[in-house]
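To be precise, the following lines are entry_36.cif, and they hold mmCIF, C-alpha atoms.
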```cif
data_final
loop_
_atom_site.label_atom_id
_atom_site.label_comp_id
_atom_site.auth_asym_id
_atom_site.auth_seq_id
_atom_site.Cartn_x
_atom_site.Cartn_y
_atom_site.Cartn_z
CA MET A 425 2.39 13.41 -30.03
CA ILE A 426 -0.52 14.08 -27.66
CA ALA A 427 0.01 10.67 -26.08
CA ARG A 428 3.66 11.45 -25.56
CA ILE A 429 2.80 14.65 -23.69
CA ILE A 430 0.32 12.77 -21.49
CA ILE A 431 2.90 10.10 -20.68
CA ASP A 432 5.46 12.79 -19.84
CA LEU A 433 2.94 14.43 -17.52
CA PHE A 434 2.34 11.12 -15.72
CA LEU A 435 6.06 10.49 -15.33
CA LEU A 436 6.57 14.03 -14.04
CA LEU A 437 3.83 13.64 -11.42
CA GLY A 438 5.34 10.34 -10.28
CA CYS A 439 8.77 11.95 -9.97
CA PHE A 440 7.28 14.86 -8.00
CA PHE A 441 5.55 12.66 -5.42
CA ALA A 442 8.59 10.40 -5.04
CA PHE A 443 10.73 13.50 -4.50
CA ALA A 444 8.30 14.90 -1.91
CA GLY A 445 8.33 11.57 -0.07
CA VAL A 446 12.13 11.42 -0.03
CA VAL A 447 12.42 15.01 1.20
CA GLY A 448 9.88 14.26 3.93
CA LEU A 449 11.73 11.10 4.92
CA ILE A 450 14.93 13.10 5.34
CA ARG A 451 13.47 16.22 7.00
CA MET A 452 10.76 14.93 9.37
CA PRO A 453 11.70 15.11 13.07
CA ASP A 454 10.66 11.69 14.45
CA SER A 455 10.29 8.06 13.34
CA PHE A 456 6.50 7.92 13.05
CA THR A 457 6.12 10.96 10.80
CA ARG A 458 8.94 9.61 8.64
CA MET A 459 6.81 6.53 8.07
CA GLN A 460 3.92 8.75 6.96
CA SER A 461 6.15 10.35 4.34
CA SER A 462 7.36 6.99 3.08
CA THR A 463 3.74 6.10 2.27
CA ASN A 464 3.87 9.00 -0.17
CA ILE A 465 6.61 7.26 -2.20
CA ALA A 466 4.88 3.90 -2.15
CA THR A 467 1.48 5.07 -3.39
CA LEU A 468 1.40 7.87 -5.93
CA GLY A 469 5.15 7.91 -6.58
CA VAL A 470 4.76 4.38 -7.91
CA LEU A 471 1.27 4.54 -9.42
CA TRP A 472 1.71 7.55 -11.74
CA THR A 473 4.97 6.25 -13.22
CA VAL A 474 3.57 2.75 -13.62
CA LEU A 475 0.48 4.14 -15.36
CA GLY A 476 2.65 6.13 -17.74
CA VAL A 477 4.74 3.07 -18.60
CA ALA A 478 1.59 0.96 -19.05
CA ILE A 479 0.01 3.48 -21.43
CA TYR A 480 3.20 3.50 -23.51
CA ALA A 481 3.21 -0.30 -23.59
CA PHE A 482 -0.46 -0.50 -24.62
CA MET A 483 0.12 2.03 -27.40
CA ASN A 484 2.90 -0.13 -28.83
CA ASN A 485 0.62 -3.22 -28.80
CA ASN A 486 2.63 -4.76 -25.99
CA ILE A 487 -0.37 -5.98 -23.98
CA ALA A 488 1.46 -8.58 -21.87
CA PHE A 489 4.02 -6.02 -20.80
CA GLY A 490 1.39 -3.47 -19.77
CA ILE A 491 -0.67 -5.91 -17.70
CA LYS A 492 2.44 -7.19 -15.93
CA VAL A 493 3.59 -3.66 -15.11
CA ILE A 494 0.19 -2.73 -13.67
CA LEU A 495 0.13 -5.92 -11.60
CA ILE A 496 3.58 -5.15 -10.14
CA GLY A 497 2.42 -1.61 -9.27
CA VAL A 498 -0.72 -2.86 -7.54
CA PHE A 499 1.33 -5.48 -5.70
CA VAL A 500 3.79 -2.86 -4.42
CA VAL A 501 0.95 -0.59 -3.25
CA ILE A 502 -0.93 -3.33 -1.37
CA THR A 503 2.14 -4.79 0.31
CA SER A 504 3.36 -1.33 1.35
CA ALA A 505 0.11 -0.87 3.30
CA ILE A 506 0.65 -4.13 5.18
CA SER A 507 4.32 -3.50 5.90
CA GLY A 508 3.64 0.07 7.09
CA HIS A 509 0.99 -1.20 9.48
CA ALA A 510 3.30 -3.95 10.80
CA ILE A 511 6.36 -1.78 11.27
CA LEU A 512 4.49 1.01 13.09
CA ARG A 513 3.11 -1.45 15.64
CA GLY A 514 6.50 -3.13 15.93
CA ALA A 515 8.18 0.20 16.57
CA TYR A 516 5.64 1.18 19.22
CA LYS A 517 5.90 -2.13 21.07
CA HIS A 518 9.71 -2.01 20.82
CA GLY A 519 9.63 1.16 22.92
CA ILE A 520 10.09 4.02 20.45
CA ARG A 521 8.02 6.94 21.80
CA PRO A 522 8.41 10.29 20.02
CA ASP A 523 8.15 13.16 22.51
CA ASN A 524 6.10 15.46 20.26
CA LEU A 525 2.85 13.47 20.30
CA VAL A 526 -0.13 15.74 21.01
CA VAL A 527 -2.31 12.91 22.25
CA ASP A 528 -1.47 9.23 22.86
CA GLU A 529 -4.57 7.21 23.59
CA TYR A 530 -2.89 3.85 23.09
CA ARG A 531 -0.66 4.48 26.08
CA ARG A 532 -3.63 5.73 28.11
CA ASP A 533 -5.45 2.44 27.52
CA ASN A 534 -2.42 0.13 27.83
CA PRO A 535 -0.12 1.88 30.32
CA ASP A 536 2.11 -1.12 31.04
CA GLU A 537 3.29 -1.90 27.50
CA MET B 1291 -19.23 -28.03 1.36
CA LYS B 1292 -17.87 -24.77 2.73
CA LYS B 1293 -14.33 -26.08 2.34
CA THR B 1294 -14.94 -27.07 -1.30
CA SER B 1295 -16.25 -23.65 -2.26
CA SER B 1296 -13.34 -21.88 -0.58
CA ILE B 1297 -10.87 -24.20 -2.37
CA ILE B 1298 -12.57 -23.35 -5.69
CA ALA B 1299 -12.43 -19.61 -4.94
CA THR B 1300 -8.71 -19.72 -4.08
CA PHE B 1301 -8.01 -21.82 -7.20
CA ILE B 1302 -9.78 -19.27 -9.43
CA LEU B 1303 -7.82 -16.40 -7.88
CA CYS B 1304 -4.43 -18.14 -8.29
CA TYR B 1305 -5.19 -19.27 -11.85
CA LEU B 1306 -6.30 -15.76 -12.85
CA PHE B 1307 -3.00 -14.33 -11.60
CA TRP B 1308 -1.03 -17.08 -13.38
CA ILE B 1309 -2.74 -16.27 -16.69
CA LEU B 1310 -2.26 -12.52 -16.25
CA PHE B 1311 1.44 -12.91 -15.47
CA THR B 1312 2.32 -15.30 -18.29
CA LEU B 1313 -0.29 -14.31 -20.93
CA THR B 1314 0.71 -17.18 -23.23
CA PHE B 1315 -2.14 -19.48 -24.14
CA THR B 1316 -0.29 -22.67 -25.04
CA ALA B 1317 -1.59 -25.95 -23.60
CA GLN B 1318 1.55 -26.73 -21.59
CA GLU B 1319 1.49 -23.43 -19.73
CA LEU B 1320 -2.21 -23.67 -18.95
CA ILE B 1321 -1.95 -27.23 -17.57
CA ALA B 1322 1.12 -26.42 -15.46
CA GLY B 1323 -0.66 -23.34 -14.07
CA ALA B 1324 -3.76 -25.37 -13.21
CA ILE B 1325 -1.72 -27.96 -11.29
CA VAL B 1326 0.27 -25.34 -9.35
CA SER B 1327 -2.87 -23.33 -8.54
CA LEU B 1328 -4.66 -26.45 -7.31
CA LEU B 1329 -1.77 -27.33 -4.98
CA VAL B 1330 -1.65 -23.78 -3.62
CA ALA B 1331 -5.42 -23.73 -3.15
CA LEU B 1332 -5.37 -27.02 -1.23
CA PHE B 1333 -2.79 -25.78 1.23
CA ALA B 1334 -3.64 -22.08 1.53
CA GLU B 1335 -7.45 -21.84 1.53
CA LYS B 1336 -7.73 -21.87 5.32
CA TYR B 1337 -5.59 -18.74 5.58
CA LEU B 1338 -7.37 -16.85 2.81
CA ILE B 1339 -11.11 -17.55 3.07
CA HIS B 1340 -12.86 -17.17 6.41
CA GLU B 1341 -16.39 -16.18 5.38
CA ASP B 1342 -18.66 -16.63 2.38
CA ALA B 1343 -16.31 -17.42 -0.51
CA PHE B 1344 -18.31 -15.97 -3.40
CA HIS B 1345 -19.74 -12.92 -1.63
CA LEU B 1346 -17.76 -10.55 -3.86
CA LEU B 1347 -19.30 -11.96 -7.06
CA LYS B 1348 -22.88 -10.83 -6.33
CA PRO B 1349 -23.65 -8.17 -8.98
CA ASN B 1350 -24.43 -5.14 -6.79
CA VAL B 1351 -21.55 -5.93 -4.42
CA LEU B 1352 -19.18 -6.26 -7.37
CA LEU B 1353 -20.40 -2.94 -8.82
CA ASN B 1354 -19.85 -1.16 -5.48
CA PHE B 1355 -16.42 -2.75 -5.15
CA ILE B 1356 -15.32 -1.61 -8.61
CA THR B 1357 -16.64 1.92 -7.99
CA TYR B 1358 -14.78 2.06 -4.70
CA VAL B 1359 -11.46 0.83 -6.09
CA LEU B 1360 -11.50 2.85 -9.31
CA PHE B 1361 -13.19 6.14 -8.34
CA VAL B 1362 -13.84 6.77 -4.62
CA PHE B 1363 -10.54 5.64 -3.18
CA PRO B 1364 -8.19 7.30 -5.73
CA VAL B 1365 -9.78 10.71 -5.06
CA GLU B 1366 -9.13 10.39 -1.33
CA LEU B 1367 -5.62 9.08 -2.09
CA TRP B 1368 -4.85 12.11 -4.28
CA LYS B 1369 -6.12 14.61 -1.68
CA ALA B 1370 -4.13 13.05 1.16
CA ASN B 1371 -0.99 12.74 -0.99
CA VAL B 1372 -1.06 16.42 -1.97
CA ASP B 1373 -1.61 17.37 1.67
CA VAL B 1374 1.38 15.37 2.98
CA ALA B 1375 3.62 16.47 0.09
CA LYS B 1376 2.81 20.11 0.95
CA ARG B 1377 3.68 19.49 4.59
CA ALA B 1378 6.99 17.85 3.70
CA LEU B 1379 8.04 20.59 1.25
CA SER B 1380 6.93 23.66 3.22
CA PRO B 1381 9.80 25.41 5.03
CA ASN B 1382 8.51 25.35 8.62
CA LEU B 1383 7.20 21.72 8.65
CA PRO B 1384 3.65 22.13 10.03
CA ILE B 1385 3.05 18.80 11.78
CA ASN B 1386 0.97 18.01 14.85
CA PRO B 1387 1.14 14.21 15.37
CA GLY B 1388 -0.78 12.03 17.79
CA ILE B 1389 -2.41 8.63 18.26
CA VAL B 1390 -6.21 8.71 18.37
CA LYS B 1391 -8.81 6.00 19.00
CA VAL B 1392 -11.84 5.96 16.70
CA PRO B 1393 -14.92 3.68 16.73
CA VAL B 1394 -15.83 1.63 13.62
CA ASP B 1395 -19.30 0.29 12.78
CA LEU B 1396 -18.27 -2.78 10.77
CA GLN B 1397 -18.67 -6.44 11.75
CA SER B 1398 -17.11 -8.41 8.88
CA GLU B 1399 -13.45 -9.39 9.20
CA TYR B 1400 -12.77 -8.49 5.55
CA GLY B 1401 -14.45 -5.11 5.93
CA LEU B 1402 -12.32 -4.25 8.96
CA ALA B 1403 -9.13 -5.29 7.15
CA MET B 1404 -10.07 -3.39 3.99
CA LEU B 1405 -10.86 -0.18 5.87
CA ALA B 1406 -7.64 -0.47 7.91
CA ASN B 1407 -5.57 -0.91 4.75
CA SER B 1408 -7.34 1.98 3.02
CA ILE B 1409 -6.57 4.25 6.00
CA THR B 1410 -2.94 3.13 6.00
CA LEU B 1411 -2.60 3.74 2.26
CA THR B 1412 -3.75 7.36 2.48
CA PRO B 1413 -0.64 9.22 3.63
CA GLY B 1414 -1.03 11.04 6.93
CA THR B 1415 -2.82 8.24 8.75
CA ILE B 1416 -1.55 4.76 9.69
CA THR B 1417 -3.68 2.20 11.49
CA MET B 1418 -1.82 0.81 14.48
CA GLU B 1419 -4.11 -1.76 16.05
CA ILE B 1420 -7.69 -3.07 15.95
CA VAL B 1421 -9.29 -3.90 19.31
CA GLU B 1422 -12.74 -5.14 20.21
CA GLU B 1423 -14.53 -3.94 23.36
CA ASP B 1424 -17.93 -5.58 23.93
CA GLY B 1425 -19.03 -5.86 20.32
CA GLN B 1426 -17.71 -2.49 19.14
CA HIS B 1427 -14.47 -2.33 17.17
CA PHE B 1428 -11.93 0.44 17.65
CA TYR B 1429 -8.91 1.52 15.61
CA TYR B 1430 -5.83 3.16 17.06
CA ILE B 1431 -4.62 5.54 14.33
CA HIS B 1432 -1.39 7.53 14.15
CA TRP B 1433 -2.37 10.86 12.60
CA ILE B 1434 0.11 13.45 11.32
CA ASP B 1435 -2.18 16.44 11.98
CA VAL B 1436 -4.58 15.97 14.91
CA ALA B 1437 -7.52 18.21 14.00
CA SER B 1438 -9.85 16.95 16.71
CA LYS B 1439 -9.45 14.86 19.88
CA ASP B 1440 -13.09 13.84 20.03
CA PRO B 1441 -13.40 10.17 18.83
CA LYS B 1442 -16.57 10.66 16.71
CA GLU B 1443 -15.36 13.80 14.99
CA ALA B 1444 -11.86 12.42 14.37
CA GLY B 1445 -13.45 9.29 12.89
CA ASN B 1446 -15.57 11.39 10.58
CA ILE B 1447 -12.57 13.35 9.32
CA ILE B 1448 -10.37 10.28 8.81
CA LYS B 1449 -12.73 7.66 7.39
CA GLY B 1450 -16.23 9.12 6.97
CA LYS B 1451 -16.66 8.57 3.23
CA LEU B 1452 -14.57 5.41 2.99
CA GLU B 1453 -16.50 3.67 5.75
CA ASN B 1454 -19.87 4.40 4.14
CA TRP B 1455 -18.71 2.84 0.88
CA ILE B 1456 -17.16 -0.20 2.56
CA ARG B 1457 -20.38 -0.82 4.51
CA ARG B 1458 -22.10 -1.27 1.16
CA ILE B 1459 -19.58 -3.98 0.18
CA TRP B 1460 -19.11 -5.93 3.43
CA LYS B 1461 -21.73 -5.89 6.19
CA MET C 1420 11.49 7.34 -25.69
CA ILE C 1421 14.51 8.91 -24.03
CA GLU C 1422 12.46 10.29 -21.10
CA PHE C 1423 12.35 6.86 -19.52
CA VAL C 1424 16.10 6.92 -19.00
CA TYR C 1425 15.93 10.32 -17.30
CA VAL C 1426 13.15 9.11 -15.00
CA GLY C 1427 15.13 5.99 -14.12
CA ILE C 1428 18.23 8.06 -13.33
CA PHE C 1429 16.11 10.42 -11.20
CA TYR C 1430 14.70 7.53 -9.17
CA ALA C 1431 18.21 6.11 -8.70
CA LEU C 1432 19.40 9.52 -7.44
CA LEU C 1433 16.49 9.63 -4.97
CA ALA C 1434 17.54 6.18 -3.72
CA LEU C 1435 21.09 7.51 -3.25
CA MET C 1436 19.70 10.43 -1.22
CA LEU C 1437 17.91 7.98 1.05
CA LEU C 1438 21.23 6.30 1.88
CA TYR C 1439 21.76 9.32 4.17
CA ARG C 1440 18.81 8.21 6.30
CA VAL C 1441 20.00 4.60 6.29
CA LEU C 1442 23.47 5.61 7.51
CA LYS C 1443 22.38 8.24 10.03
CA GLY C 1444 18.93 7.10 11.22
CA PRO C 1445 18.80 7.25 15.02
CA SER C 1446 16.86 4.01 15.47
CA VAL C 1447 16.54 0.73 13.63
CA VAL C 1448 13.00 1.60 12.48
CA ASP C 1449 14.24 4.61 10.50
CA ARG C 1450 16.79 2.40 8.77
CA ALA C 1451 14.19 -0.25 7.99
CA VAL C 1452 11.71 2.26 6.55
CA ALA C 1453 14.40 3.97 4.47
CA ALA C 1454 15.65 0.62 3.15
CA ASP C 1455 12.10 -0.35 2.21
CA SER C 1456 11.69 2.92 0.32
CA ILE C 1457 15.00 2.34 -1.49
CA ASP C 1458 13.67 -1.07 -2.51
CA ILE C 1459 10.47 0.43 -3.94
CA LEU C 1460 12.39 3.14 -5.83
CA THR C 1461 14.66 0.46 -7.31
CA VAL C 1462 11.62 -1.53 -8.45
CA VAL C 1463 10.23 1.51 -10.29
CA ALA C 1464 13.63 2.26 -11.87
CA LEU C 1465 13.83 -1.35 -13.10
CA ILE C 1466 10.33 -1.13 -14.60
CA VAL C 1467 11.20 2.07 -16.44
CA PHE C 1468 14.50 0.64 -17.68
CA SER C 1469 12.83 -2.53 -18.88
CA ILE C 1470 10.35 -0.59 -21.04
CA PHE C 1471 13.20 1.50 -22.46
CA SER C 1472 15.34 -1.49 -23.42
CA ASN C 1473 12.21 -3.52 -24.37
CA ARG C 1474 13.34 -6.63 -22.52
CA SER C 1475 10.78 -8.06 -20.14
CA ILE C 1476 13.37 -10.05 -18.16
CA TYR C 1477 13.91 -6.96 -15.99
CA LEU C 1478 10.24 -7.05 -15.00
CA ASP C 1479 10.69 -10.47 -13.39
CA ILE C 1480 13.64 -9.13 -11.42
CA ALA C 1481 11.49 -6.17 -10.32
CA LEU C 1482 8.73 -8.51 -9.12
CA VAL C 1483 11.16 -10.68 -7.14
CA LEU C 1484 12.73 -7.56 -5.62
CA ALA C 1485 9.30 -6.24 -4.56
CA ILE C 1486 8.42 -9.55 -2.88
CA LEU C 1487 11.78 -9.79 -1.07
CA GLY C 1488 11.61 -6.19 0.18
CA PHE C 1489 8.12 -6.73 1.56
CA LEU C 1490 9.13 -9.95 3.32
CA GLY C 1491 12.22 -8.33 4.84
CA THR C 1492 10.28 -5.38 6.22
CA VAL C 1493 7.57 -7.56 7.74
CA LEU C 1494 10.25 -9.81 9.24
CA ILE C 1495 11.98 -6.84 10.90
CA ALA C 1496 8.63 -5.61 12.21
CA ARG C 1497 7.79 -9.01 13.70
CA TYR C 1498 11.22 -9.19 15.32
CA LEU C 1499 10.85 -5.73 16.89
CA GLU C 1500 7.42 -6.69 18.20
CA GLY C 1501 9.00 -9.68 19.94
CA ARG C 1502 6.87 -12.36 18.29
CA LEU C 1503 9.49 -14.11 16.15
#
```

Would you put the structure from the file into structure tokens?
Amino acid sequence: MIARIIIDLFLLLGCFFAFAGVVGLIRMPDSFTRMQSSTNIATLGVLWTVLGVAIYAFMNNNIAFGIKVILIGVFVVITSAISGHAILRGAYKHGIRPDNLVVDEYRRDNPDE
Amino acid sequence: MKKTSSIIATFILCYLFWILFTLTFTAQELIAGAIVSLLVALFAEKYLIHEDAFHLLKPNVLLNFITYVLFVFPVELWKANVDVAKRALSPNLPINPGIVKVPVDLQSEYGLAMLANSITLTPGTITMEIVEEDGQHFYYIHWIDVASKDPKEAGNIIKGKLENWIRRIWK
Amino acid sequence: MIEFVYVGIFYALLALMLLYRVLKGPSVVDRAVAADSIDILTVVALIVFSIFSNRSIYLDIALVLAILGFLGTVLIARYLEGRL
């Protein structure tokens, strides 16, 4: 019973962070801040839910299932870091410049790109 | 010699992941996994290992690494996630974005990559590019709330604790 | 546990909400980021559904989907950068 409450709490936290990320992705005013919100989905929105599922699997003596689920979660988190990094640089070099930047030191150092 | 040790390290990594994904200990599966991992290690070691292959297995380095992954980094991740979630859900959207340039005191290639990925994973900051200017490395970071335009102070706010821990793992 | 089904449906609804950003997004980067997020939400929904129905075949599909989404996003990024 206690374990069930803990798992529900984990799932609820995962749902909350995924929801916050989606709302941010829809509401934010420019492309770069939208990317920041999408990191929210890919980190804690995935990790809490995956942890909840893994705890349930371990409790039912389903070890293989739990390890596989955790590996998929870690994989998603690590690859989301790399793809976020790549797509931000791609967007900047493609010529997307939001007009609400307070300070832009990359442009100051590389004015011709 | 260096090539052999990096092939062995890649083979161990691939085989570990094979065992974790299948988790069946019959002889057929184990032999097939060993062959596939060996092939992958032969072709992929030059992309994966650039420095000392078994550096991470030294006891104090391994201890620091585990502490960083399991305790230090998740706390920072939680703080940054709550901060960005608050910004996204609050009615007037308090954002103040900008791209800042911060200096980094790390030399190792792995350390630079690990710190850049840690910064990208915490919501609110994304690393854009790593440049080197006469021996000193710099990150360009897109930051959702620019609290300070001074490079040193901005660096302290973004990566102060993380960088100290990573310097204990990679030089 | 019935909660897993609710969580899966919630994640699917969030993915549907993101279709707005995919359709409207002013630039190609917004579409790419929103599509990547839809991919991640689908992976989590598949994981949750697989533990509910107790069939681990869905986990393999989730893994393949995660790898394909990552490759697609990196490919789009490389293309935008002009290095492909």

Contacts from chain A to chain B, 6 Å maximum, all atoms listed in the file: show me the residue list as a short mmCIF file (atom, residue, chain, number, x, y, z; two decimals) with C-alpha atoms, in the frame of the given file.
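That gives us out_13.cif:
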```
data_model
loop_
_atom_site.label_atom_id
_atom_site.label_comp_id
_atom_site.auth_asym_id
_atom_site.auth_seq_id
_atom_site.Cartn_x
_atom_site.Cartn_y
_atom_site.Cartn_z
CA ALA A 444 8.30 14.90 -1.91
CA GLY A 448 9.88 14.26 3.93
CA GLN A 460 3.92 8.75 6.96
CA THR A 463 3.74 6.10 2.27
CA ASN A 464 3.87 9.00 -0.17
CA LYS A 492 2.44 -7.19 -15.93
CA ALA A 505 0.11 -0.87 3.30
CA ARG A 513 3.11 -1.45 15.64
CA LEU A 525 2.85 13.47 20.30
CA VAL A 526 -0.13 15.74 21.01
CA VAL A 527 -2.31 12.91 22.25
CA ASP A 528 -1.47 9.23 22.86
CA GLU A 529 -4.57 7.21 23.59
#
```

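Closest approach to Ile520 in chain A from the set C:Ala1453, C:Ile1466, C:Leu1437, C:Val1447 is made by C:Val1447, with distances taken over only C-alpha atoms.
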
Chain C residues near chain A within 6 Å, closest pair each, using only C-alpha atoms, as a Markdown table:
```
| residue | atom | partner | partner_atom | distance |
| --- | --- | --- | --- | --- |
| C:Asp1449 | CA | A:Ser455 | CA | 6.0 |
| C:Val1493 | CA | A:Ser507 | CA | 5.5 |
| C:Ala1496 | CA | A:Ile511 | CA | 4.6 |
| C:Leu1499 | CA | A:Gly514 | CA | 5.2 |
| C:Glu1500 | CA | A:Gly514 | CA | 4.3 |
```

Expected selection from the PyMOL selection byres ((chain C) within 12 of (chain B)), given as a compact mmCIF listing (two decimals) with C-alpha atoms, in the coordinates of the input:
```txt
# COMPACT_ATOMS: atom_id res chain seq x y z
CA SER C 1475 10.78 -8.06 -20.14
CA LEU C 1478 10.24 -7.05 -15.00
CA ASP C 1479 10.69 -10.47 -13.39
CA LEU C 1482 8.73 -8.51 -9.12
```

Exercise for the section: Could you tell me which of C:Tyr1477, C:Tyr1439, C:Phe1489, C:Tyr1430 comes closest to Ala1464 in chain C if we count all atoms listed in the file? Expected result: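 Going through C:Tyr1477, C:Tyr1439, C:Phe1489, C:Tyr1430 one by one, the smallest distance to Ala1464 in chain C is for C:Tyr1430.
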
Exercise for the section: Excluding range 1317-1328 of chain B and any residue of its chain fewer than 3 positions from it, enumerate the residues within 10 Å of it, using all atoms listed in the file, and give them as an MDAnalysis selection string. Expected result: chainID B and resid 1297:1298 1300:1309 1312:1314 1331:1334

Handout entry: Between CA of Ile1339 in chain B and CA of Ser1296 in chain B, distance in Å (one decimal)
Key = 6.1 Å

Exercise for the section: Give as JSON, numbers by chain the residues that the PyMOL selection byres ((chain B and resi 1401) around 8) matches when applied to the coordinates above. Expected result: {"B": [1396, 1397, 1398, 1399, 1400, 1402, 1403, 1404, 1405, 1456, 1457, 1459, 1460, 1461]}

Problem - Atom-to-atom span, CA of Leu1433 in chain C and CA of Ala427 in chain A, Å - result: 26.8 Å
